[in-house]
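Raw model02.csv, CSV, C-alpha atoms:
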chain,number,residue,atom,x,y,z
A,119,MET,CA,-12.9,-90.1,20.6
A,120,LYS,CA,-13.7,-90.1,16.8
A,121,ASN,CA,-16.6,-88.2,15.4
A,122,PRO,CA,-17.6,-89.7,11.9
A,123,ASP,CA,-19.2,-86.5,10.8
A,124,ILE,CA,-16.2,-84.4,11.5
A,125,ASP,CA,-13.8,-87.1,10.1
A,126,GLY,CA,-15.9,-87.1,6.9
A,127,LEU,CA,-16.0,-83.3,6.7
A,128,MET,CA,-12.2,-83.1,7.3
A,129,GLY,CA,-11.6,-85.8,4.6
A,130,ARG,CA,-13.6,-83.9,2.0
A,131,TYR,CA,-11.8,-80.6,3.0
A,132,CYS,CA,-8.4,-82.3,2.7
A,133,ASN,CA,-9.3,-83.7,-0.8
A,134,HIS,CA,-10.5,-80.3,-1.9
A,135,LEU,CA,-7.3,-78.7,-0.6
A,136,ASN,CA,-5.1,-81.3,-2.3
A,137,LYS,CA,-6.9,-80.7,-5.6
A,138,LEU,CA,-6.4,-77.0,-5.4
A,139,LEU,CA,-2.7,-77.4,-4.5
A,140,SER,CA,-2.3,-79.9,-7.4
A,141,ILE,CA,-3.8,-77.4,-9.8
A,142,GLN,CA,-1.3,-74.8,-8.5
A,143,ILE,CA,1.7,-77.1,-8.7
A,144,ASN,CA,0.9,-78.8,-12.0
A,145,MET,CA,-0.3,-75.6,-13.7
A,146,SER,CA,0.3,-75.6,-17.5
A,147,ILE,CA,2.8,-73.2,-18.9
A,148,TYR,CA,1.9,-71.5,-22.1
A,149,LEU,CA,5.0,-70.3,-24.0
A,150,THR,CA,5.0,-67.7,-26.8
A,151,ALA,CA,8.4,-67.7,-28.5
A,152,LEU,CA,9.3,-65.1,-31.1
A,153,LEU,CA,12.2,-65.8,-33.5
A,154,LYS,CA,13.3,-63.4,-36.2
A,155,CYS,CA,15.8,-64.8,-38.8
A,156,LYS,CA,18.3,-62.8,-40.9
A,157,ALA,CA,16.9,-61.5,-44.2
A,158,GLY,CA,17.1,-64.2,-46.9
A,159,GLU,CA,17.3,-67.1,-44.4
A,160,ALA,CA,13.6,-67.9,-43.9
A,161,ALA,CA,13.6,-70.8,-46.4
A,162,GLN,CA,16.7,-72.2,-44.6
A,163,VAL,CA,15.2,-71.7,-41.1
A,164,LYS,CA,11.7,-73.1,-41.8
A,165,PRO,CA,12.6,-76.8,-42.0
A,166,LEU,CA,14.7,-76.5,-38.8
A,167,LEU,CA,11.6,-75.1,-37.0
A,168,LEU,CA,9.3,-77.8,-38.4
A,169,ASP,CA,11.8,-80.5,-37.3
A,170,LEU,CA,11.7,-78.9,-33.8
A,171,VAL,CA,7.9,-79.0,-33.8
A,172,ALA,CA,7.8,-82.7,-34.7
A,173,ALA,CA,10.4,-83.7,-32.1
A,174,SER,CA,8.9,-81.6,-29.4
A,175,LEU,CA,5.4,-83.0,-29.9
A,176,LYS,CA,6.8,-86.4,-29.0
A,177,GLU,CA,7.8,-85.2,-25.5
A,178,GLU,CA,5.5,-86.4,-22.8
A,179,ALA,CA,4.9,-83.0,-21.2
A,180,CYS,CA,4.2,-81.3,-24.5
A,181,LEU,CA,0.5,-80.5,-24.9
A,182,GLN,CA,0.7,-78.2,-27.9
A,183,TYR,CA,3.4,-76.9,-30.2
A,184,GLU,CA,2.3,-74.8,-33.1
A,185,LEU,CA,4.3,-72.7,-35.5
A,186,TYR,CA,3.3,-69.5,-37.2
A,187,GLN,CA,4.9,-67.2,-39.8
A,188,ASP,CA,4.2,-63.5,-40.1
A,189,ILE,CA,2.4,-62.7,-43.3
A,190,GLU,CA,3.9,-59.2,-43.5
A,191,ASN,CA,7.5,-60.3,-42.6
A,192,GLU,CA,8.5,-63.8,-43.7
A,193,ASN,CA,11.5,-63.7,-41.4
A,194,GLN,CA,9.3,-63.5,-38.3
A,195,PHE,CA,8.3,-66.9,-36.8
A,196,ILE,CA,6.2,-67.5,-33.6
A,197,PHE,CA,5.7,-70.6,-31.6
A,198,HIS,CA,2.6,-71.2,-29.4
A,199,GLU,CA,3.5,-74.0,-27.0
A,200,THR,CA,1.7,-75.5,-24.0
A,201,TRP,CA,3.6,-77.5,-21.5
A,202,GLN,CA,2.1,-79.7,-18.8
A,203,ASP,CA,4.1,-77.9,-16.1
A,204,ALA,CA,7.3,-75.9,-15.5
A,205,ALA,CA,9.3,-79.1,-15.0
A,206,GLY,CA,8.2,-80.4,-18.4
A,207,LEU,CA,9.3,-77.2,-20.1
A,208,GLU,CA,12.6,-77.3,-18.2
A,209,LEU,CA,13.1,-80.9,-19.5
A,210,HIS,CA,12.3,-79.7,-23.0
A,211,THR,CA,15.3,-77.3,-23.0
A,212,GLN,CA,17.6,-80.2,-22.0
A,213,GLN,CA,16.5,-82.5,-24.9
A,214,PRO,CA,19.2,-83.2,-27.6
A,215,HIS,CA,16.8,-82.0,-30.4
A,216,TYR,CA,16.3,-78.7,-28.6
A,217,GLN,CA,20.1,-78.2,-28.0
A,218,GLN,CA,20.8,-79.2,-31.6
A,219,PHE,CA,18.2,-76.8,-32.9
A,220,GLY,CA,19.8,-73.9,-31.0
A,221,GLN,CA,23.2,-74.7,-32.5
A,222,GLN,CA,21.8,-74.9,-36.0
A,223,VAL,CA,19.4,-72.0,-36.0
A,224,GLY,CA,21.5,-69.6,-33.8
A,225,PRO,CA,23.7,-68.3,-36.6
A,226,LEU,CA,20.7,-67.7,-38.9
A,227,LEU,CA,18.9,-65.5,-36.4
A,228,GLU,CA,18.8,-61.7,-36.6
A,229,GLU,CA,18.5,-61.3,-32.8
A,230,ALA,CA,18.1,-63.5,-29.7
A,231,PRO,CA,14.7,-65.2,-29.5
A,232,VAL,CA,12.1,-63.6,-27.2
A,233,LEU,CA,10.4,-66.1,-24.9
A,234,HIS,CA,7.3,-65.4,-22.8
A,235,LYS,CA,6.3,-68.0,-20.2
A,236,THR,CA,2.7,-67.2,-19.5
A,237,GLN,CA,-0.5,-68.3,-17.8
A,238,ARG,CA,-3.8,-68.3,-19.6
A,239,ILE,CA,-6.1,-65.7,-17.9
A,240,GLY,CA,-8.9,-65.4,-20.5
B,131,MET,CA,-25.0,-82.2,-77.7
B,132,LYS,CA,-24.7,-82.8,-74.0
B,133,ASN,CA,-22.7,-85.7,-72.6
B,134,PRO,CA,-23.9,-86.5,-69.0
B,135,ASP,CA,-20.5,-88.2,-68.1
B,136,ILE,CA,-18.5,-85.2,-69.1
B,137,ASP,CA,-21.0,-82.8,-67.5
B,138,GLY,CA,-20.8,-84.7,-64.3
B,139,LEU,CA,-17.0,-84.8,-64.4
B,140,MET,CA,-16.8,-81.0,-65.1
B,141,GLY,CA,-19.3,-80.4,-62.3
B,142,ARG,CA,-17.2,-82.2,-59.8
B,143,TYR,CA,-14.0,-80.6,-61.1
B,144,CYS,CA,-15.6,-77.1,-60.7
B,145,ASN,CA,-16.8,-77.9,-57.2
B,146,HIS,CA,-13.3,-79.0,-56.2
B,147,LEU,CA,-11.7,-75.9,-57.8
B,148,ASN,CA,-14.2,-73.6,-56.0
B,149,LYS,CA,-13.4,-75.3,-52.7
B,150,LEU,CA,-9.6,-74.8,-53.2
B,151,LEU,CA,-10.1,-71.2,-54.2
B,152,SER,CA,-12.4,-70.6,-51.2
B,153,ILE,CA,-9.7,-72.0,-48.8
B,154,GLN,CA,-7.1,-69.7,-50.4
B,155,ILE,CA,-9.4,-66.6,-50.3
B,156,ASN,CA,-10.9,-67.3,-46.9
B,157,MET,CA,-7.6,-68.3,-45.2
B,158,SER,CA,-7.7,-67.9,-41.5
B,159,ILE,CA,-5.6,-65.1,-40.0
B,160,TYR,CA,-3.8,-65.9,-36.7
B,161,LEU,CA,-2.9,-62.8,-34.8
B,162,THR,CA,-0.4,-62.7,-31.9
B,163,ALA,CA,-0.7,-59.3,-30.1
B,164,LEU,CA,1.8,-58.3,-27.4
B,165,LEU,CA,0.7,-55.5,-25.0
B,166,LYS,CA,3.0,-54.2,-22.3
B,167,CYS,CA,1.4,-51.9,-19.7
B,168,LYS,CA,3.1,-49.4,-17.5
B,169,ALA,CA,4.4,-50.6,-14.1
B,170,GLY,CA,1.7,-50.7,-11.5
B,171,GLU,CA,-1.1,-50.7,-14.1
B,172,ALA,CA,-1.6,-54.5,-14.6
B,173,ALA,CA,-4.6,-54.8,-12.3
B,174,GLN,CA,-6.2,-51.8,-14.0
B,175,VAL,CA,-5.5,-53.1,-17.5
B,176,LYS,CA,-6.6,-56.8,-16.9
B,177,PRO,CA,-10.4,-56.2,-16.8
B,178,LEU,CA,-10.2,-54.0,-19.9
B,179,LEU,CA,-8.5,-56.9,-21.7
B,180,LEU,CA,-11.0,-59.4,-20.4
B,181,ASP,CA,-13.9,-57.2,-21.6
B,182,LEU,CA,-12.3,-57.1,-25.0
B,183,VAL,CA,-12.0,-60.9,-25.1
B,184,ALA,CA,-15.7,-61.3,-24.2
B,185,ALA,CA,-16.9,-58.7,-26.8
B,186,SER,CA,-14.6,-60.0,-29.6
B,187,LEU,CA,-15.7,-63.6,-29.1
B,188,LYS,CA,-19.2,-62.5,-30.1
B,189,GLU,CA,-18.0,-61.3,-33.5
B,190,GLU,CA,-19.0,-63.7,-36.3
B,191,ALA,CA,-15.5,-63.9,-37.8
B,192,CYS,CA,-13.8,-64.5,-34.5
B,193,LEU,CA,-12.8,-68.2,-34.2
B,194,GLN,CA,-10.5,-67.9,-31.1
B,195,TYR,CA,-9.5,-65.1,-28.7
B,196,GLU,CA,-7.3,-66.1,-25.8
B,197,LEU,CA,-5.5,-63.9,-23.3
B,198,TYR,CA,-2.2,-64.8,-21.5
B,199,GLN,CA,-0.2,-63.0,-18.9
B,200,ASP,CA,3.6,-63.3,-18.6
B,201,ILE,CA,4.6,-65.2,-15.4
B,202,GLU,CA,7.8,-63.3,-15.0
B,203,ASN,CA,6.5,-59.9,-15.9
B,204,GLU,CA,2.8,-59.2,-14.9
B,205,ASN,CA,2.8,-56.1,-17.1
B,206,GLN,CA,3.2,-58.2,-20.3
B,207,PHE,CA,0.0,-59.5,-21.9
B,208,ILE,CA,-0.4,-61.6,-25.0
B,209,PHE,CA,-3.5,-62.3,-27.2
B,210,HIS,CA,-3.7,-65.4,-29.4
B,211,GLU,CA,-6.5,-64.7,-31.9
B,212,THR,CA,-7.9,-66.6,-34.9
B,213,TRP,CA,-10.0,-64.8,-37.5
B,214,GLN,CA,-12.0,-66.4,-40.2
B,215,ASP,CA,-10.3,-64.2,-42.8
B,216,ALA,CA,-8.6,-60.8,-43.3
B,217,ALA,CA,-11.9,-59.1,-43.9
B,218,GLY,CA,-13.1,-60.4,-40.5
B,219,LEU,CA,-10.1,-59.0,-38.7
B,220,GLU,CA,-10.5,-55.7,-40.5
B,221,LEU,CA,-14.1,-55.6,-39.3
B,222,HIS,CA,-12.9,-56.3,-35.8
B,223,THR,CA,-10.7,-53.2,-35.7
B,224,GLN,CA,-13.8,-51.1,-36.7
B,225,GLN,CA,-16.0,-52.4,-33.9
B,226,PRO,CA,-17.1,-49.9,-31.1
B,227,HIS,CA,-15.7,-52.2,-28.4
B,228,TYR,CA,-12.3,-52.4,-30.1
B,229,GLN,CA,-12.2,-48.6,-30.6
B,230,GLN,CA,-13.3,-48.0,-27.0
B,231,PHE,CA,-10.7,-50.4,-25.7
B,232,GLY,CA,-7.9,-48.6,-27.6
B,233,GLN,CA,-9.0,-45.3,-26.0
B,234,GLN,CA,-9.2,-46.7,-22.5
B,235,VAL,CA,-6.0,-48.8,-22.5
B,236,GLY,CA,-3.8,-46.6,-24.6
B,237,PRO,CA,-2.7,-44.2,-21.8
B,238,LEU,CA,-2.0,-47.3,-19.6
B,239,LEU,CA,0.5,-48.9,-22.0
B,240,GLU,CA,4.3,-48.7,-21.7
B,241,GLU,CA,4.7,-48.9,-25.5
B,242,ALA,CA,2.7,-49.3,-28.7
B,243,PRO,CA,1.2,-52.9,-29.0
B,244,VAL,CA,3.1,-55.2,-31.3
B,245,LEU,CA,0.8,-57.1,-33.7
B,246,HIS,CA,1.8,-60.1,-35.8
B,247,LYS,CA,-0.6,-61.2,-38.5
B,248,THR,CA,0.4,-64.8,-39.2
B,249,GLN,CA,-0.4,-68.0,-41.0
B,250,ARG,CA,0.0,-71.4,-39.3
B,251,ILE,CA,2.7,-73.4,-40.9
B,252,GLY,CA,3.3,-76.2,-38.4
Representation of the structure as structure tokens:
Amino acid sequence: MKNPDIDGLMGRYCNHLNKLLSIQINMSIYLTALLKCKAGEAAQVKPLLLDLVAASLKEEACLQYELYQDIENENQFIFHETWQDAAGLELHTQQPHYQQFGQQVGPLLEEAPVLHKTQRIG
Amino acid sequence: MKNPDIDGLMGRYCNHLNKLLSIQINMSIYLTALLKCKAGEAAQVKPLLLDLVAASLKEEACLQYELYQDIENENQFIFHETWQDAAGLELHTQQPHYQQFGQQVGPLLEEAPVLHKTQRIG
């Protein structure tokens, strides 16, 4: 025996649950990446970083890709990136432009880049 | 002798020059601040950080004040802030809510916060 009221209630409950799960599963990833280049290499590194910004912004899962340079230390660069989800970020690291960037910029860096995968909480 | 054409031209030139100077002088400051709290203190620190976000957003020179938490290390927090200009950021550090925050959160931190004053370049 079917009860339309209960069926309707359960339907709405399931929709709500699916939406919550979808938000969890598809949660955006906010990446803050800090790159410090060797002294004297900032002018050489900057166009490589800008090329990476342009290529990354064309990726479907890329929602934001901004580049900043420290005012007090020209060798310090910071990316603020937003990715649709963890899978999109993973795909980014497999792109030819990302791989090529790593090879080109690697020898010009003072230390390994510091990457923070984050969630926005405020 | 006044020449209305030349006066008009000079007026427009001066307005343009003032605008360019104003952009230079009032250049926005983008601050990336990294705070790492002691192990086990994240839940204690989080509301203090959120209070700072709310109070800072009320400051006139504050254009953006976002808070992120590292997915892989709950003790690592990151602020992305945009300030109208250097003077506005300086004023921020003198606010009672900023000073109080420093006193409250200081003993809960693993290490001194890392602050990067930056310009957006891409």
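Nearest-residue note for A:Lys235: choosing from B:Leu219, B:Ile201, B:Val175, B:Leu182, the minimum distance belongs to B:Ile201, counting all atoms listed in the file.
With all atoms listed in the file as the basis for measurement, A:Pro165 is the residue among A:Gly206, A:Pro165, A:Gly220, A:Pro214 that approaches chain B most closely.
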What are the residues of chain A that have an atom within 8 Å of an atom of chain B, counting only C-alpha atoms, as a CSV table (one decimal) with C-alpha atoms, in the coordinates of the input?
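And here's out20.csv as it stands now:
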chain,number,residue,atom,x,y,z
A,148,TYR,CA,1.9,-71.5,-22.1
A,168,LEU,CA,9.3,-77.8,-38.4
A,171,VAL,CA,7.9,-79.0,-33.8
A,184,GLU,CA,2.3,-74.8,-33.1
A,185,LEU,CA,4.3,-72.7,-35.5
A,186,TYR,CA,3.3,-69.5,-37.2
A,187,GLN,CA,4.9,-67.2,-39.8
A,188,ASP,CA,4.2,-63.5,-40.1
A,189,ILE,CA,2.4,-62.7,-43.3
A,190,GLU,CA,3.9,-59.2,-43.5
A,234,HIS,CA,7.3,-65.4,-22.8
A,235,LYS,CA,6.3,-68.0,-20.2
A,236,THR,CA,2.7,-67.2,-19.5
A,237,GLN,CA,-0.5,-68.3,-17.8
A,238,ARG,CA,-3.8,-68.3,-19.6
A,239,ILE,CA,-6.1,-65.7,-17.9
A,240,GLY,CA,-8.9,-65.4,-20.5
> atom CA of B:Gln234 and atom CA of B:Ala216 are how many Å apart?
Replying inline: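 Distance reported for this atom pair: 25.1 Å.
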> Of the candidates A:Gln182, A:Cys155, A:Ala160, A:Leu175, which one gets nearest to A:Ala230 if we count only C-alpha atoms?
Replying inline: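 Of A:Gln182, A:Cys155, A:Ala160, A:Leu175, the one nearest A:Ala230, counting only C-alpha atoms, is A:Cys155.
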> Following superposition of chain A onto chain B on all C-alpha atoms, paired in order, what is the C-alpha RMSD to one decimal in Å?
Replying inline: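 Once chain A is fitted onto chain B, the C-alpha RMSD works out to 0.8 Å.
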> Just how far from atom CA of A:Gln202 is atom CA of A:Phe219, in Å to one decimal?
Replying inline: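 The value is 21.6 Å.
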>> Every residue with an atom at most 12 Å from (17.3, -62.5, -43.8) (file coordinates; all atoms listed in the file) is what I'm after, so could you write them as a count of residues only?
In response: 20
>> Residues within 10 Å of (-18.7, -62.8, -37.7), file coordinates, counting all atoms listed in the file: what are they? Give the list as a PyMOL selection string.
In response: chain B and resi 186-193+213-215+217-219+221-222
> Interatomic distance between atom CA of B:Ser158 and atom CA of B:Val244?
Replying inline: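 These two atoms are separated by 19.5 Å.
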